[in-house]
Amino acid sequence: VPHVLSVSQFNRDSLEALFRIAQLLEPVAQRRKVCPVLDGAVLGNLFFEPSTRTRLSFGAAFARLGGSICDTTGFTFSSMAKGESLADTARVVAGYFDILVLRHPDTGSVARFAQDIEVPVINGGDGAGEHPTQALLDIYTIEQEFRRLGKSIDGSCIALVGDLRHGRAVQSLFRLLQVFKGVHFKLVAPSALAMPAELIETASAAGHKVTQHSTLDTGLKGADVIYATRIQRERMTTEIMESYPERFRIDKAVIRRVAQKDAVILHPLPRDSDPAANDLATDLDDDPRLAIFRQTDNGIAVRMAVFAVLLGVESQLSSAMRDARW
Ligand code: CP
């Protein structure tokens, strides 16, 4: 049974093939056409951690391909609140659905959940582990923005900023970007929140340049992409929070001072809305370089492509799209 559990399942060819499907489905994602190739299929969308984008865009993507969705959010709304194990839950729900998306607070839990069941499972985020479909849509967005700018990811400079220690989205992106050639990764974080050393070693061994920066001024300079992230307070000890004195707020003044004129600014979201937060500020929202809402929109096309591949309907898409109507 095919699953999407980790970015390590993808290489450059499979990534490009997936993006061609996402591209084909753009008119459906943009609500200009309907393409009900999943008519009759049912998705189980099981989220045991909060989510807006991942849960709703998976649901919208499945519905726009003609399928139906059942959702559960949080432990209180499942019988895990009565002590049922994840393994028993997996066995039960595999009998109800054609495909499952799972988000869970424990690292490795989604892979364990998928182990013995005969239904495709997609990792919607497992604790501090991985968030593979976020990395897919992030790279899809970078390619889309770069196409407009006449740039390529090969040989580009990509700054990853913020909580690189706990952020599963940014770690999945860092790993998946390594399928390209000769990327310069600028890792911009206070020492307490640095990218794990083993991930840096893997990137260097694959021929990428990796530099670490403790200030925004040195870290954002020359970057083609500035990928900001939220401080993951829910995954942090008090000790780490207290040792985080540095200012990592990316606002208009910082961007004006150090960013390239054609930099692409991304964030997996949510961002911290506290005006003093070390995060991406809202005073940048009218800057055309800010692509965060184009990025969230891209979640639909990319997640539709993932469903099409896992459910084996990709060969029907070309003719279905020719016949598609609104
Ligand atoms: N980017 C992301 O995973 O957002 P949600 O937590 O809202 O799903």
# chains A, B, ... in the order shown; residues from 1 in each chain; ligands from 1
>>> select_by_dssp(residues="segment 52-240 of chain A", states="strand (DSSP E or B)", output="JSON, numbers by chain")
{"A": [68, 69, 70, 71, 72, 73, 99, 100, 101, 102, 103, 104, 121, 122, 123, 124, 125, 126, 157, 158, 159, 160, 161, 184, 185, 186, 187, 188, 209, 210, 211, 212, 213, 225, 226, 227, 228]}
>>> write_last_selection(atoms="C-alpha atoms", output="JSON list (two decimals), in the first residue's frame")
[["chain", "number", "residue", "atom", "x", "y", "z"],
["A", 68, "SER", "CA", -16.45, 12.88, 0.69],
["A", 69, "ILE", "CA", -14.71, 13.60, 4.00],
["A", 70, "CYS", "CA", -15.10, 12.57, 7.65],
["A", 71, "ASP", "CA", -13.11, 14.64, 10.12],
["A", 72, "THR", "CA", -12.07, 14.22, 13.72],
["A", 73, "THR", "CA", -10.18, 16.89, 15.62],
["A", 99, "ILE", "CA", -7.52, 6.91, 2.40],
["A", 100, "LEU", "CA", -6.45, 8.53, 5.68],
["A", 101, "VAL", "CA", -4.65, 11.71, 6.69],
["A", 102, "LEU", "CA", -3.27, 11.69, 10.23],
["A", 103, "ARG", "CA", -1.75, 14.44, 12.38],
["A", 104, "HIS", "CA", -0.57, 13.36, 15.80],
["A", 121, "VAL", "CA", -1.94, 6.99, 4.92],
["A", 122, "ILE", "CA", -0.64, 10.55, 4.55],
["A", 123, "ASN", "CA", 1.43, 12.15, 7.29],
["A", 124, "GLY", "CA", -0.20, 15.49, 8.13],
["A", 125, "GLY", "CA", 2.49, 16.18, 10.78],
["A", 126, "ASP", "CA", 3.86, 13.86, 13.47],
["A", 157, "CYS", "CA", 20.41, 30.70, -1.90],
["A", 158, "ILE", "CA", 17.70, 29.76, 0.59],
["A", 159, "ALA", "CA", 17.50, 31.24, 4.10],
["A", 160, "LEU", "CA", 15.62, 29.17, 6.67],
["A", 161, "VAL", "CA", 14.82, 31.35, 9.67],
["A", 184, "HIS", "CA", 23.36, 27.46, -0.45],
["A", 185, "PHE", "CA", 21.35, 27.03, 2.75],
["A", 186, "LYS", "CA", 21.62, 29.91, 5.20],
["A", 187, "LEU", "CA", 20.36, 28.65, 8.55],
["A", 188, "VAL", "CA", 19.34, 31.66, 10.63],
["A", 209, "LYS", "CA", 26.77, 24.75, 1.09],
["A", 210, "VAL", "CA", 25.40, 25.26, 4.60],
["A", 211, "THR", "CA", 26.20, 28.34, 6.67],
["A", 212, "GLN", "CA", 24.79, 29.21, 10.09],
["A", 213, "HIS", "CA", 23.90, 32.77, 11.14],
["A", 225, "VAL", "CA", 14.11, 32.71, -0.64],
["A", 226, "ILE", "CA", 13.50, 33.83, 2.95],
["A", 227, "TYR", "CA", 11.53, 31.07, 4.71],
["A", 228, "ALA", "CA", 10.39, 32.31, 8.13]]
>>> select_by_dssp(residues="segment 79-203 of chain A", states="alpha helix (DSSP H)", output="mmCIF file with C-alpha atoms, in the first residue's frame")
data_model
loop_
_atom_site.group_PDB
_atom_site.id
_atom_site.type_symbol
_atom_site.label_atom_id
_atom_site.label_comp_id
_atom_site.auth_asym_id
_atom_site.auth_seq_id
_atom_site.Cartn_x
_atom_site.Cartn_y
_atom_site.Cartn_z
ATOM 1 C CA LEU A 86 -3.509 4.319 18.179
ATOM 2 C CA ALA A 87 -2.965 0.775 16.817
ATOM 3 C CA ASP A 88 -6.587 -0.244 17.506
ATOM 4 C CA THR A 89 -7.802 3.067 16.107
ATOM 5 C CA ALA A 90 -5.812 2.378 12.915
ATOM 6 C CA ARG A 91 -7.335 -1.116 12.507
ATOM 7 C CA VAL A 92 -10.848 0.267 13.005
ATOM 8 C CA VAL A 93 -10.692 3.309 10.727
ATOM 9 C CA ALA A 94 -8.918 1.390 7.945
ATOM 10 C CA SER A 109 3.322 7.847 15.277
ATOM 11 C CA VAL A 110 2.008 8.204 11.709
ATOM 12 C CA ALA A 111 4.465 5.601 10.377
ATOM 13 C CA ARG A 112 3.472 3.227 13.207
ATOM 14 C CA PHE A 113 -0.214 3.878 12.438
ATOM 15 C CA ALA A 114 0.342 3.023 8.751
ATOM 16 C CA PRO A 132 6.016 16.056 4.046
ATOM 17 C CA THR A 133 3.089 17.614 2.162
ATOM 18 C CA GLN A 134 3.985 21.056 3.554
ATOM 19 C CA ALA A 135 7.486 20.647 2.083
ATOM 20 C CA LEU A 136 5.940 19.552 -1.250
ATOM 21 C CA LEU A 137 3.727 22.626 -1.468
ATOM 22 C CA ASP A 138 6.593 24.885 -0.330
ATOM 23 C CA ILE A 139 8.827 23.667 -3.170
ATOM 24 C CA TYR A 140 5.931 23.866 -5.645
ATOM 25 C CA THR A 141 5.533 27.504 -4.567
ATOM 26 C CA ILE A 142 9.261 28.264 -4.827
ATOM 27 C CA GLU A 143 9.303 26.815 -8.376
ATOM 28 C CA GLN A 144 6.222 28.842 -9.315
ATOM 29 C CA GLU A 145 7.711 32.093 -7.945
ATOM 30 C CA PHE A 146 11.119 31.355 -9.510
ATOM 31 C CA ARG A 147 9.517 30.672 -12.942
ATOM 32 C CA ARG A 148 8.159 34.235 -12.854
ATOM 33 C CA LEU A 149 11.594 35.556 -11.838
ATOM 34 C CA ARG A 168 8.887 19.851 11.388
ATOM 35 C CA ALA A 169 7.829 21.888 8.325
ATOM 36 C CA VAL A 170 11.181 23.634 8.001
ATOM 37 C CA GLN A 171 13.141 20.425 8.621
ATOM 38 C CA SER A 172 11.109 18.551 5.988
ATOM 39 C CA LEU A 173 11.703 21.420 3.556
ATOM 40 C CA PHE A 174 15.455 21.456 4.299
ATOM 41 C CA ARG A 175 15.637 17.717 3.598
ATOM 42 C CA LEU A 176 13.511 17.762 0.449
ATOM 43 C CA ALA A 197 23.673 18.767 13.417
ATOM 44 C CA GLU A 198 22.878 15.441 11.689
ATOM 45 C CA LEU A 199 20.588 17.185 9.184
ATOM 46 C CA ILE A 200 23.329 19.739 8.421
ATOM 47 C CA GLU A 201 25.882 16.950 7.913
ATOM 48 C CA THR A 202 23.589 15.180 5.422
ATOM 49 C CA ALA A 203 23.122 18.392 3.404
#
>>> closest_residue(among="A:Ala277, A:Leu266, A:Ala192, A:Val4", to="ligand 1", atoms="only C-alpha atoms and all ligand atoms")
A:Leu266
>>> closest_atom_pairs(of="chain A", to="ligand 1", cutoff="7 Å", atoms="only C-alpha atoms and all ligand atoms", output="CSV")
residue,atom,partner,partner_atom_place_in_ligand_line,distance
A:Pro50,CA,ligand 1,6 (O),6.2
A:Ser51,CA,ligand 1,8 (O),3.8
A:Thr52,CA,ligand 1,7 (O),3.5
A:Arg53,CA,ligand 1,8 (O),4.0
A:Thr54,CA,ligand 1,8 (O),3.7
A:Arg55,CA,ligand 1,8 (O),5.9
A:Gln134,CA,ligand 1,1 (N),6.4
A:Pro268,CA,ligand 1,1 (N),4.4
A:Leu269,CA,ligand 1,1 (N),4.8
A:Pro270,CA,ligand 1,4 (O),5.7
>>> write_last_selection(atoms="N, CA and C atoms", output="PDB file, in the first residue's frame")
ATOM      1  N   PRO A  50      -4.017  20.645  16.692  1.00  0.00           N
ATOM      2  CA  PRO A  50      -4.733  21.703  15.978  1.00  0.00           C
ATOM      3  C   PRO A  50      -4.197  21.915  14.563  1.00  0.00           C
ATOM      4  N   SER A  51      -5.064  22.314  13.657  1.00  0.00           N
ATOM      5  CA  SER A  51      -4.659  22.607  12.277  1.00  0.00           C
ATOM      6  C   SER A  51      -5.750  23.426  11.597  1.00  0.00           C
ATOM      7  N   THR A  52      -5.335  24.385  10.817  1.00  0.00           N
ATOM      8  CA  THR A  52      -6.270  25.074   9.917  1.00  0.00           C
ATOM      9  C   THR A  52      -5.977  24.660   8.480  1.00  0.00           C
ATOM     10  N   ARG A  53      -4.758  24.976   8.012  1.00  0.00           N
ATOM     11  CA  ARG A  53      -4.397  24.763   6.604  1.00  0.00           C
ATOM     12  C   ARG A  53      -4.388  23.299   6.195  1.00  0.00           C
ATOM     13  N   THR A  54      -3.680  22.464   6.942  1.00  0.00           N
ATOM     14  CA  THR A  54      -3.465  21.091   6.489  1.00  0.00           C
ATOM     15  C   THR A  54      -4.785  20.335   6.462  1.00  0.00           C
ATOM     16  N   ARG A  55      -5.539  20.426   7.545  1.00  0.00           N
ATOM     17  CA  ARG A  55      -6.810  19.681   7.638  1.00  0.00           C
ATOM     18  C   ARG A  55      -7.801  20.162   6.582  1.00  0.00           C
ATOM     19  N   GLN A 134       3.652  19.628   3.453  1.00  0.00           N
ATOM     20  CA  GLN A 134       3.985  21.056   3.554  1.00  0.00           C
ATOM     21  C   GLN A 134       5.248  21.345   2.747  1.00  0.00           C
ATOM     22  N   PRO A 268       5.380  28.730   6.550  1.00  0.00           N
ATOM     23  CA  PRO A 268       4.378  27.662   6.475  1.00  0.00           C
ATOM     24  C   PRO A 268       3.065  28.058   7.146  1.00  0.00           C
ATOM     25  N   LEU A 269       3.101  29.084   8.009  1.00  0.00           N
ATOM     26  CA  LEU A 269       1.960  29.524   8.817  1.00  0.00           C
ATOM     27  C   LEU A 269       1.492  28.383   9.733  1.00  0.00           C
ATOM     28  N   PRO A 270       0.842  28.651  10.857  1.00  0.00           N
ATOM     29  CA  PRO A 270       0.437  29.971  11.302  1.00  0.00           C
ATOM     30  C   PRO A 270       1.616  30.823  11.763  1.00  0.00           C
TER      31      PRO A 270
END
>>> residues_around(residues="Ser273 of chain A", least_positions_apart="4", cutoff="12 Å", atoms="only C-alpha atoms", output="number ranges by chain")
A: 230-231, 249, 269, 277-283
>>> write_last_selection(atoms="C-alpha atoms", output="PDB file, in the first residue's frame")
ATOM      1  CA  ARG A 230       7.095  30.345  14.093  1.00  0.00           C
ATOM      2  CA  ILE A 231       8.741  29.604  17.441  1.00  0.00           C
ATOM      3  CA  ARG A 249      11.271  39.450  13.944  1.00  0.00           C
ATOM      4  CA  LEU A 269       1.960  29.524   8.817  1.00  0.00           C
ATOM      5  CA  ALA A 277       6.639  38.117  18.433  1.00  0.00           C
ATOM      6  CA  ASN A 278       9.834  36.842  16.850  1.00  0.00           C
ATOM      7  CA  ASP A 279       7.989  36.017  13.640  1.00  0.00           C
ATOM      8  CA  LEU A 280       6.932  37.426  10.272  1.00  0.00           C
ATOM      9  CA  ALA A 281       5.284  40.840  10.819  1.00  0.00           C
ATOM     10  CA  THR A 282       2.011  41.890   9.187  1.00  0.00           C
ATOM     11  CA  ASP A 283       3.510  45.219   8.033  1.00  0.00           C
TER      12      ASP A 283
END
>>> decode(residues="segment 157-200 of chain A", atoms="N, CA and C atoms", output="CSV table (one decimal), in the first residue's frame")
chain,number,residue,atom,x,y,z
A,157,CYS,N,20.1,30.5,-3.3
A,157,CYS,CA,20.4,30.7,-1.9
A,157,CYS,C,19.1,30.8,-1.1
A,158,ILE,N,19.0,29.9,-0.1
A,158,ILE,CA,17.7,29.8,0.6
A,158,ILE,C,17.9,29.9,2.1
A,159,ALA,N,17.3,31.0,2.7
A,159,ALA,CA,17.5,31.2,4.1
A,159,ALA,C,16.3,30.6,4.8
A,160,LEU,N,16.6,29.8,5.8
A,160,LEU,CA,15.6,29.2,6.7
A,160,LEU,C,15.8,29.8,8.0
A,161,VAL,N,14.7,30.4,8.5
A,161,VAL,CA,14.8,31.3,9.7
A,161,VAL,C,13.9,31.0,10.8
A,162,GLY,N,14.4,31.0,12.0
A,162,GLY,CA,13.5,30.9,13.2
A,162,GLY,C,13.8,29.6,14.0
A,163,ASP,N,12.8,28.9,14.3
A,163,ASP,CA,12.9,27.7,15.2
A,163,ASP,C,13.2,26.5,14.3
A,164,LEU,N,14.5,26.3,14.0
A,164,LEU,CA,14.9,25.2,13.1
A,164,LEU,C,15.1,23.9,13.9
A,165,ARG,N,15.1,24.0,15.2
A,165,ARG,CA,15.3,22.9,16.1
A,165,ARG,C,14.0,22.0,16.2
A,166,HIS,N,12.8,22.7,16.3
A,166,HIS,CA,11.6,22.0,16.6
A,166,HIS,C,10.6,22.0,15.4
A,167,GLY,N,10.9,22.8,14.4
A,167,GLY,CA,9.9,23.0,13.3
A,167,GLY,C,10.0,21.8,12.3
A,168,ARG,N,8.9,21.0,12.3
A,168,ARG,CA,8.9,19.9,11.4
A,168,ARG,C,8.7,20.3,9.9
A,169,ALA,N,8.0,21.4,9.7
A,169,ALA,CA,7.8,21.9,8.3
A,169,ALA,C,9.2,22.3,7.8
A,170,VAL,N,9.9,23.1,8.5
A,170,VAL,CA,11.2,23.6,8.0
A,170,VAL,C,12.2,22.5,7.9
A,171,GLN,N,12.2,21.5,8.8
A,171,GLN,CA,13.1,20.4,8.6
A,171,GLN,C,12.8,19.6,7.4
A,172,SER,N,11.5,19.3,7.2
A,172,SER,CA,11.1,18.6,6.0
A,172,SER,C,11.5,19.3,4.7
A,173,LEU,N,11.3,20.6,4.7
A,173,LEU,CA,11.7,21.4,3.6
A,173,LEU,C,13.2,21.4,3.3
A,174,PHE,N,14.0,21.5,4.4
A,174,PHE,CA,15.5,21.5,4.3
A,174,PHE,C,15.9,20.1,3.7
A,175,ARG,N,15.3,19.0,4.1
A,175,ARG,CA,15.6,17.7,3.6
A,175,ARG,C,15.2,17.5,2.1
A,176,LEU,N,14.0,18.0,1.8
A,176,LEU,CA,13.5,17.8,0.4
A,176,LEU,C,14.2,18.6,-0.6
A,177,LEU,N,14.6,19.8,-0.2
A,177,LEU,CA,15.3,20.7,-1.1
A,177,LEU,C,16.7,20.1,-1.5
A,178,GLN,N,17.1,19.2,-0.8
A,178,GLN,CA,18.4,18.6,-1.1
A,178,GLN,C,18.4,17.7,-2.4
A,179,VAL,N,17.2,17.5,-3.0
A,179,VAL,CA,17.2,16.8,-4.3
A,179,VAL,C,17.6,17.7,-5.4
A,180,PHE,N,17.7,19.0,-5.1
A,180,PHE,CA,18.2,19.9,-6.1
A,180,PHE,C,19.8,20.0,-6.0
A,181,LYS,N,20.4,20.8,-6.9
A,181,LYS,CA,21.9,20.8,-6.9
A,181,LYS,C,22.4,22.1,-6.4
A,182,GLY,N,23.5,22.0,-5.6
A,182,GLY,CA,24.3,23.1,-5.2
A,182,GLY,C,23.5,24.3,-4.6
A,183,VAL,N,22.6,23.9,-3.7
A,183,VAL,CA,21.9,25.0,-3.0
A,183,VAL,C,22.8,25.6,-1.8
A,184,HIS,N,22.7,26.9,-1.6
A,184,HIS,CA,23.4,27.5,-0.4
A,184,HIS,C,22.3,27.7,0.6
A,185,PHE,N,22.3,26.9,1.7
A,185,PHE,CA,21.3,27.0,2.7
A,185,PHE,C,21.9,28.0,3.8
A,186,LYS,N,21.2,29.0,4.1
A,186,LYS,CA,21.6,29.9,5.2
A,186,LYS,C,20.7,29.6,6.4
A,187,LEU,N,21.2,29.0,7.4
A,187,LEU,CA,20.4,28.6,8.6
A,187,LEU,C,20.5,29.8,9.6
A,188,VAL,N,19.3,30.4,9.8
A,188,VAL,CA,19.3,31.7,10.6
A,188,VAL,C,18.5,31.4,11.9
A,189,ALA,N,19.2,31.2,13.0
A,189,ALA,CA,18.5,30.9,14.3
A,189,ALA,C,19.4,31.2,15.4
A,190,PRO,N,18.8,31.5,16.6
A,190,PRO,CA,19.6,31.5,17.8
A,190,PRO,C,20.1,30.1,18.1
A,191,SER,N,21.3,30.1,18.9
A,191,SER,CA,21.9,28.7,19.1
A,191,SER,C,21.0,27.7,19.7
A,192,ALA,N,20.1,28.2,20.6
A,192,ALA,CA,19.2,27.2,21.3
A,192,ALA,C,18.2,26.6,20.3
A,193,LEU,N,18.0,27.2,19.1
A,193,LEU,CA,17.0,26.7,18.2
A,193,LEU,C,17.6,26.3,16.9
A,194,ALA,N,18.9,26.0,16.9
A,194,ALA,CA,19.6,25.6,15.7
A,194,ALA,C,19.1,24.3,15.0
A,195,MET,N,19.3,24.2,13.7
A,195,MET,CA,19.0,23.0,13.0
A,195,MET,C,19.8,21.8,13.6
A,196,PRO,N,19.3,20.6,13.8
A,196,PRO,CA,20.0,19.5,14.3
A,196,PRO,C,21.3,19.2,13.4
A,197,ALA,N,22.4,18.9,14.1
A,197,ALA,CA,23.7,18.8,13.4
A,197,ALA,C,23.6,17.7,12.4
A,198,GLU,N,22.9,16.6,12.7
A,198,GLU,CA,22.9,15.4,11.7
A,198,GLU,C,22.2,15.8,10.4
A,199,LEU,N,21.2,16.7,10.4
A,199,LEU,CA,20.6,17.2,9.2
A,199,LEU,C,21.5,18.1,8.4
A,200,ILE,N,22.3,18.9,9.1
A,200,ILE,CA,23.3,19.7,8.4
A,200,ILE,C,24.4,18.9,7.8
